[in-house]
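Encoded as structure tokens, the structure appears first; notes follow it.
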Amino acid sequence: MPTVDGRHLDGVSETALLTLHQRATEAARPDGIIDDPMAIKLRDSIDYDYAHFGRTHQATALRALAFDNASREFLAAHPRATVVALAEGLQTSFWRVDNGQLTWLSVDLEPIVQLRRQLLPATDRLQYRAQSALDYSWMEAVDDSCGVLITAEGLFQYLQRAEVFDLIERCARRFPNGRLVFDSVPRILSVYSQRRGFRLSEHYTAPPMPFWFTADRYAELRAVPGVRAVRELPAPPGRGLLLRSVIPLAYRVSALRKFRAPTNLVDFG
């Protein structure tokens, strides 16, 4: 891969570099929990001081694995489906879950799309729309004849509540047999991020996260017109006793629903 400068990214777009670095670092470990050689290549092809972000951790890779599991489940039933990755950033999910038949539509802002086009392999089954996920014209580019899976990985927490629910309703209306997967954060993390900011290092503070949502509020999603079913996905096991055993157990305890960061699956129709 060629090397390009990534220092022009800022705000929420800069978090694409953060999550790429976290995932690539985990993938490069001999005991890494995720197999993602494309992430390693992509990170190393972007000129950026990744030490700027501070310490690395498993959380981003675990989130990616949860989305991968959801994607593979959908593709097992709909192998020729279209996957729409909203605000995909520098994720490399396509190369981890590609079954050779799916179509992938990556939706993100122009600076991100430009980087992806420059640095990632091209294929007829991977298409791009350089626009905001809130510009619903991307829906016109979706072939829903073989099923539609919409992913919003690391997106909704940066939006306003009304924007999130309007987007979900629009998707439900346009893709009545589709499925949406999104992650969210609990209220305590949202409030903290807005009041204090998540300072990951002396050089970097993550953007505030105004939207929070937890699994104890699924009735709000079920009330959205066109939403048929909602469920929380299990947490993949991580490395070490806590992330391998305790965290997956905590995601099965209903009393803890309001305190955890869920990955949410929404069926339309």
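Naming works like this for the structure tokens: A, B, ... for the chains as they're shown, residue 1 at the start of each chain, ligands 1 onward in shown order.
For A:Arg116, the set of protein, DNA and RNA residues having any atom at most 9 Å away, when counting only C-alpha atoms and skipping those fewer than 3 positions along the same chain, is Leu42, Gly89, Leu90, Pro111, Ile112, Val113, Leu119, Leu120 and Pro121 of chain A.
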Determine which residues of stretch 99-253 of chain A receive a DSSP assignment of strand (DSSP E), computed from the backbone, and state them as a ChimeraX atom specification. /A:103-108,126-130,148-152,179-183,198-199,205-206,227-232
Residues of the last selection are to be written out with C-alpha atoms, as a PDB file, in the first residue's frame.
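Okay, again-v4.pdb is ready:
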ATOM      1  CA  THR A 103     -22.377  -6.347  -2.010  1.00  0.00           C
ATOM      2  CA  TRP A 104     -20.931  -3.750   0.381  1.00  0.00           C
ATOM      3  CA  LEU A 105     -21.882  -0.076   0.410  1.00  0.00           C
ATOM      4  CA  SER A 106     -19.580   2.116   2.512  1.00  0.00           C
ATOM      5  CA  VAL A 107     -21.069   5.486   3.496  1.00  0.00           C
ATOM      6  CA  ASP A 108     -18.860   8.178   5.022  1.00  0.00           C
ATOM      7  CA  LEU A 126     -17.372  -2.720  -2.637  1.00  0.00           C
ATOM      8  CA  GLN A 127     -18.989   0.626  -3.421  1.00  0.00           C
ATOM      9  CA  TYR A 128     -18.744   4.072  -1.829  1.00  0.00           C
ATOM     10  CA  ARG A 129     -21.002   7.025  -1.124  1.00  0.00           C
ATOM     11  CA  ALA A 130     -19.179  10.141   0.096  1.00  0.00           C
ATOM     12  CA  VAL A 148     -30.196  -5.606   3.476  1.00  0.00           C
ATOM     13  CA  LEU A 149     -28.062  -5.430   6.600  1.00  0.00           C
ATOM     14  CA  ILE A 150     -27.284  -1.928   7.867  1.00  0.00           C
ATOM     15  CA  THR A 151     -24.435  -1.482  10.330  1.00  0.00           C
ATOM     16  CA  ALA A 152     -23.749   1.617  12.408  1.00  0.00           C
ATOM     17  CA  ARG A 179     -31.882  -5.540   9.710  1.00  0.00           C
ATOM     18  CA  LEU A 180     -29.903  -2.891  11.585  1.00  0.00           C
ATOM     19  CA  VAL A 181     -27.028  -3.452  14.001  1.00  0.00           C
ATOM     20  CA  PHE A 182     -25.739  -0.584  16.131  1.00  0.00           C
ATOM     21  CA  ASP A 183     -23.749  -0.134  19.318  1.00  0.00           C
ATOM     22  CA  PHE A 198     -12.694  11.293  27.659  1.00  0.00           C
ATOM     23  CA  ARG A 199      -9.061  12.294  27.818  1.00  0.00           C
ATOM     24  CA  THR A 205      -9.609  13.881  24.095  1.00  0.00           C
ATOM     25  CA  ALA A 206     -12.364  11.916  22.389  1.00  0.00           C
ATOM     26  CA  VAL A 227     -39.602  -2.150  13.802  1.00  0.00           C
ATOM     27  CA  ARG A 228     -40.561  -5.799  14.284  1.00  0.00           C
ATOM     28  CA  ALA A 229     -38.074  -7.086  16.863  1.00  0.00           C
ATOM     29  CA  VAL A 230     -35.145  -5.912  18.980  1.00  0.00           C
ATOM     30  CA  ARG A 231     -32.529  -7.879  20.865  1.00  0.00           C
ATOM     31  CA  GLU A 232     -29.135  -7.441  22.459  1.00  0.00           C
TER      32      GLU A 232
END
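Residues of stretch 146-246 of chain A assigned to alpha helix (DSSP H) by DSSP on this structure's backbone: Arg161, Ala162, Glu163, Val164, Phe165, Asp166, Leu167, Ile168, Glu169, Arg170, Cys171, Ala172, Arg173, Arg174, Arg187, Ile188, Leu189, Ser190, Val191, Tyr192, Ser193, Gln194, Arg195, Tyr218, Ala219, Glu220, Leu221, Arg222 and Leu241 of chain A.
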Would you mind exporting the chosen residues as a JSON list (two decimals), in the first residue's frame, restricted to N, CA, C and O atoms?
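Written out: result32.json:
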[["chain", "number", "residue", "atom", "x", "y", "z"],
["A", 161, "ARG", "N", -30.34, 12.35, 19.81],
["A", 161, "ARG", "CA", -31.35, 11.30, 19.95],
["A", 161, "ARG", "C", -32.39, 11.34, 18.82],
["A", 161, "ARG", "O", -32.74, 10.31, 18.24],
["A", 162, "ALA", "N", -32.87, 12.53, 18.48],
["A", 162, "ALA", "CA", -33.88, 12.66, 17.43],
["A", 162, "ALA", "C", -33.32, 12.18, 16.09],
["A", 162, "ALA", "O", -34.05, 11.58, 15.29],
["A", 163, "GLU", "N", -32.05, 12.46, 15.84],
["A", 163, "GLU", "CA", -31.43, 12.03, 14.58],
["A", 163, "GLU", "C", -31.35, 10.51, 14.51],
["A", 163, "GLU", "O", -31.62, 9.90, 13.45],
["A", 164, "VAL", "N", -31.00, 9.87, 15.62],
["A", 164, "VAL", "CA", -30.88, 8.41, 15.64],
["A", 164, "VAL", "C", -32.23, 7.76, 15.36],
["A", 164, "VAL", "O", -32.35, 6.88, 14.50],
["A", 165, "PHE", "N", -33.26, 8.21, 16.07],
["A", 165, "PHE", "CA", -34.57, 7.57, 15.91],
["A", 165, "PHE", "C", -35.19, 7.88, 14.54],
["A", 165, "PHE", "O", -35.89, 7.04, 13.97],
["A", 166, "ASP", "N", -34.91, 9.05, 13.99],
["A", 166, "ASP", "CA", -35.40, 9.34, 12.65],
["A", 166, "ASP", "C", -34.71, 8.45, 11.62],
["A", 166, "ASP", "O", -35.36, 7.94, 10.70],
["A", 167, "LEU", "N", -33.40, 8.25, 11.78],
["A", 167, "LEU", "CA", -32.67, 7.37, 10.87],
["A", 167, "LEU", "C", -33.20, 5.94, 10.94],
["A", 167, "LEU", "O", -33.40, 5.28, 9.91],
["A", 168, "ILE", "N", -33.45, 5.46, 12.14],
["A", 168, "ILE", "CA", -33.98, 4.10, 12.29],
["A", 168, "ILE", "C", -35.35, 3.98, 11.63],
["A", 168, "ILE", "O", -35.62, 3.01, 10.91],
["A", 169, "GLU", "N", -36.20, 4.98, 11.83],
["A", 169, "GLU", "CA", -37.52, 4.93, 11.22],
["A", 169, "GLU", "C", -37.44, 4.99, 9.70],
["A", 169, "GLU", "O", -38.17, 4.27, 9.00],
["A", 170, "ARG", "N", -36.55, 5.81, 9.17],
["A", 170, "ARG", "CA", -36.38, 5.90, 7.71],
["A", 170, "ARG", "C", -35.91, 4.55, 7.15],
["A", 170, "ARG", "O", -36.36, 4.11, 6.09],
["A", 171, "CYS", "N", -34.97, 3.91, 7.84],
["A", 171, "CYS", "CA", -34.48, 2.60, 7.40],
["A", 171, "CYS", "C", -35.58, 1.56, 7.44],
["A", 171, "CYS", "O", -35.72, 0.74, 6.52],
["A", 172, "ALA", "N", -36.38, 1.57, 8.51],
["A", 172, "ALA", "CA", -37.47, 0.61, 8.64],
["A", 172, "ALA", "C", -38.49, 0.78, 7.51],
["A", 172, "ALA", "O", -39.04, -0.19, 6.98],
["A", 173, "ARG", "N", -38.75, 2.04, 7.14],
["A", 173, "ARG", "CA", -39.71, 2.33, 6.09],
["A", 173, "ARG", "C", -39.18, 1.91, 4.71],
["A", 173, "ARG", "O", -39.90, 1.34, 3.89],
["A", 174, "ARG", "N", -37.89, 2.17, 4.47],
["A", 174, "ARG", "CA", -37.31, 1.90, 3.15],
["A", 174, "ARG", "C", -36.93, 0.43, 2.96],
["A", 174, "ARG", "O", -37.01, -0.09, 1.85],
["A", 187, "ARG", "N", -25.86, 5.74, 29.85],
["A", 187, "ARG", "CA", -26.04, 7.16, 30.16],
["A", 187, "ARG", "C", -24.84, 7.74, 30.91],
["A", 187, "ARG", "O", -24.42, 8.87, 30.63],
["A", 188, "ILE", "N", -24.28, 6.99, 31.84],
["A", 188, "ILE", "CA", -23.19, 7.53, 32.65],
["A", 188, "ILE", "C", -21.99, 7.91, 31.80],
["A", 188, "ILE", "O", -21.34, 8.94, 32.03],
["A", 189, "LEU", "N", -21.70, 7.12, 30.75],
["A", 189, "LEU", "CA", -20.57, 7.44, 29.87],
["A", 189, "LEU", "C", -20.89, 8.65, 29.00],
["A", 189, "LEU", "O", -20.02, 9.49, 28.74],
["A", 190, "SER", "N", -22.13, 8.72, 28.54],
["A", 190, "SER", "CA", -22.54, 9.87, 27.72],
["A", 190, "SER", "C", -22.42, 11.16, 28.51],
["A", 190, "SER", "O", -21.86, 12.16, 28.03],
["A", 191, "VAL", "N", -22.95, 11.17, 29.73],
["A", 191, "VAL", "CA", -22.92, 12.37, 30.56],
["A", 191, "VAL", "C", -21.48, 12.76, 30.86],
["A", 191, "VAL", "O", -21.11, 13.95, 30.77],
["A", 192, "TYR", "N", -20.65, 11.79, 31.21],
["A", 192, "TYR", "CA", -19.25, 12.08, 31.54],
["A", 192, "TYR", "C", -18.53, 12.68, 30.33],
["A", 192, "TYR", "O", -17.75, 13.63, 30.46],
["A", 193, "SER", "N", -18.79, 12.11, 29.14],
["A", 193, "SER", "CA", -18.10, 12.58, 27.94],
["A", 193, "SER", "C", -18.46, 14.02, 27.62],
["A", 193, "SER", "O", -17.64, 14.78, 27.09],
["A", 194, "GLN", "N", -19.68, 14.42, 27.95],
["A", 194, "GLN", "CA", -20.12, 15.78, 27.65],
["A", 194, "GLN", "C", -19.66, 16.79, 28.70],
["A", 194, "GLN", "O", -19.42, 17.95, 28.39],
["A", 195, "ARG", "N", -19.54, 16.34, 29.94],
["A", 195, "ARG", "CA", -19.14, 17.24, 31.01],
["A", 195, "ARG", "C", -17.63, 17.36, 31.15],
["A", 195, "ARG", "O", -17.08, 18.45, 31.35],
["A", 218, "TYR", "N", -35.54, -0.95, 25.31],
["A", 218, "TYR", "CA", -35.91, -1.51, 24.01],
["A", 218, "TYR", "C", -37.37, -1.23, 23.64],
["A", 218, "TYR", "O", -37.72, -1.26, 22.46],
["A", 219, "ALA", "N", -38.22, -0.96, 24.61],
["A", 219, "ALA", "CA", -39.61, -0.62, 24.29],
["A", 219, "ALA", "C", -39.68, 0.62, 23.40],
["A", 219, "ALA", "O", -40.57, 0.74, 22.55],
["A", 220, "GLU", "N", -38.72, 1.55, 23.57],
["A", 220, "GLU", "CA", -38.69, 2.75, 22.73],
["A", 220, "GLU", "C", -38.41, 2.40, 21.27],
["A", 220, "GLU", "O", -38.98, 3.00, 20.36],
["A", 221, "LEU", "N", -37.55, 1.42, 21.06],
["A", 221, "LEU", "CA", -37.26, 0.99, 19.69],
["A", 221, "LEU", "C", -38.44, 0.22, 19.10],
["A", 221, "LEU", "O", -38.77, 0.39, 17.92],
["A", 222, "ARG", "N", -39.06, -0.63, 19.90],
["A", 222, "ARG", "CA", -40.20, -1.41, 19.39],
["A", 222, "ARG", "C", -41.37, -0.52, 19.02],
["A", 222, "ARG", "O", -42.24, -0.92, 18.24],
["A", 241, "LEU", "N", -8.92, -13.19, 32.10],
["A", 241, "LEU", "CA", -10.04, -13.73, 32.87],
["A", 241, "LEU", "C", -11.26, -12.81, 32.84],
["A", 241, "LEU", "O", -12.38, -13.26, 32.62]]
Within 12 Å of stretch 208-214 of chain A: each stretch 45-161 of chain A residue with its shortest pair, only C-alpha atoms, as JSON lines:
{"residue": "A:Gly154", "atom": "CA", "partner": "A:Met209", "partner_atom": "CA", "distance": 10.3}
{"residue": "A:Leu155", "atom": "CA", "partner": "A:Met209", "partner_atom": "CA", "distance": 9.6}
{"residue": "A:Phe156", "atom": "CA", "partner": "A:Phe211", "partner_atom": "CA", "distance": 6.6}
{"residue": "A:Gln157", "atom": "CA", "partner": "A:Phe211", "partner_atom": "CA", "distance": 4.6}
{"residue": "A:Tyr158", "atom": "CA", "partner": "A:Met209", "partner_atom": "CA", "distance": 4.8}
{"residue": "A:Leu159", "atom": "CA", "partner": "A:Phe211", "partner_atom": "CA", "distance": 5.9}
{"residue": "A:Gln160", "atom": "CA", "partner": "A:Phe211", "partner_atom": "CA", "distance": 5.6}
{"residue": "A:Arg161", "atom": "CA", "partner": "A:Phe211", "partner_atom": "CA", "distance": 5.6}
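As for atom CA of A:Thr19 and atom CA of A:Ala61, they are spaced 8.4 Å apart.
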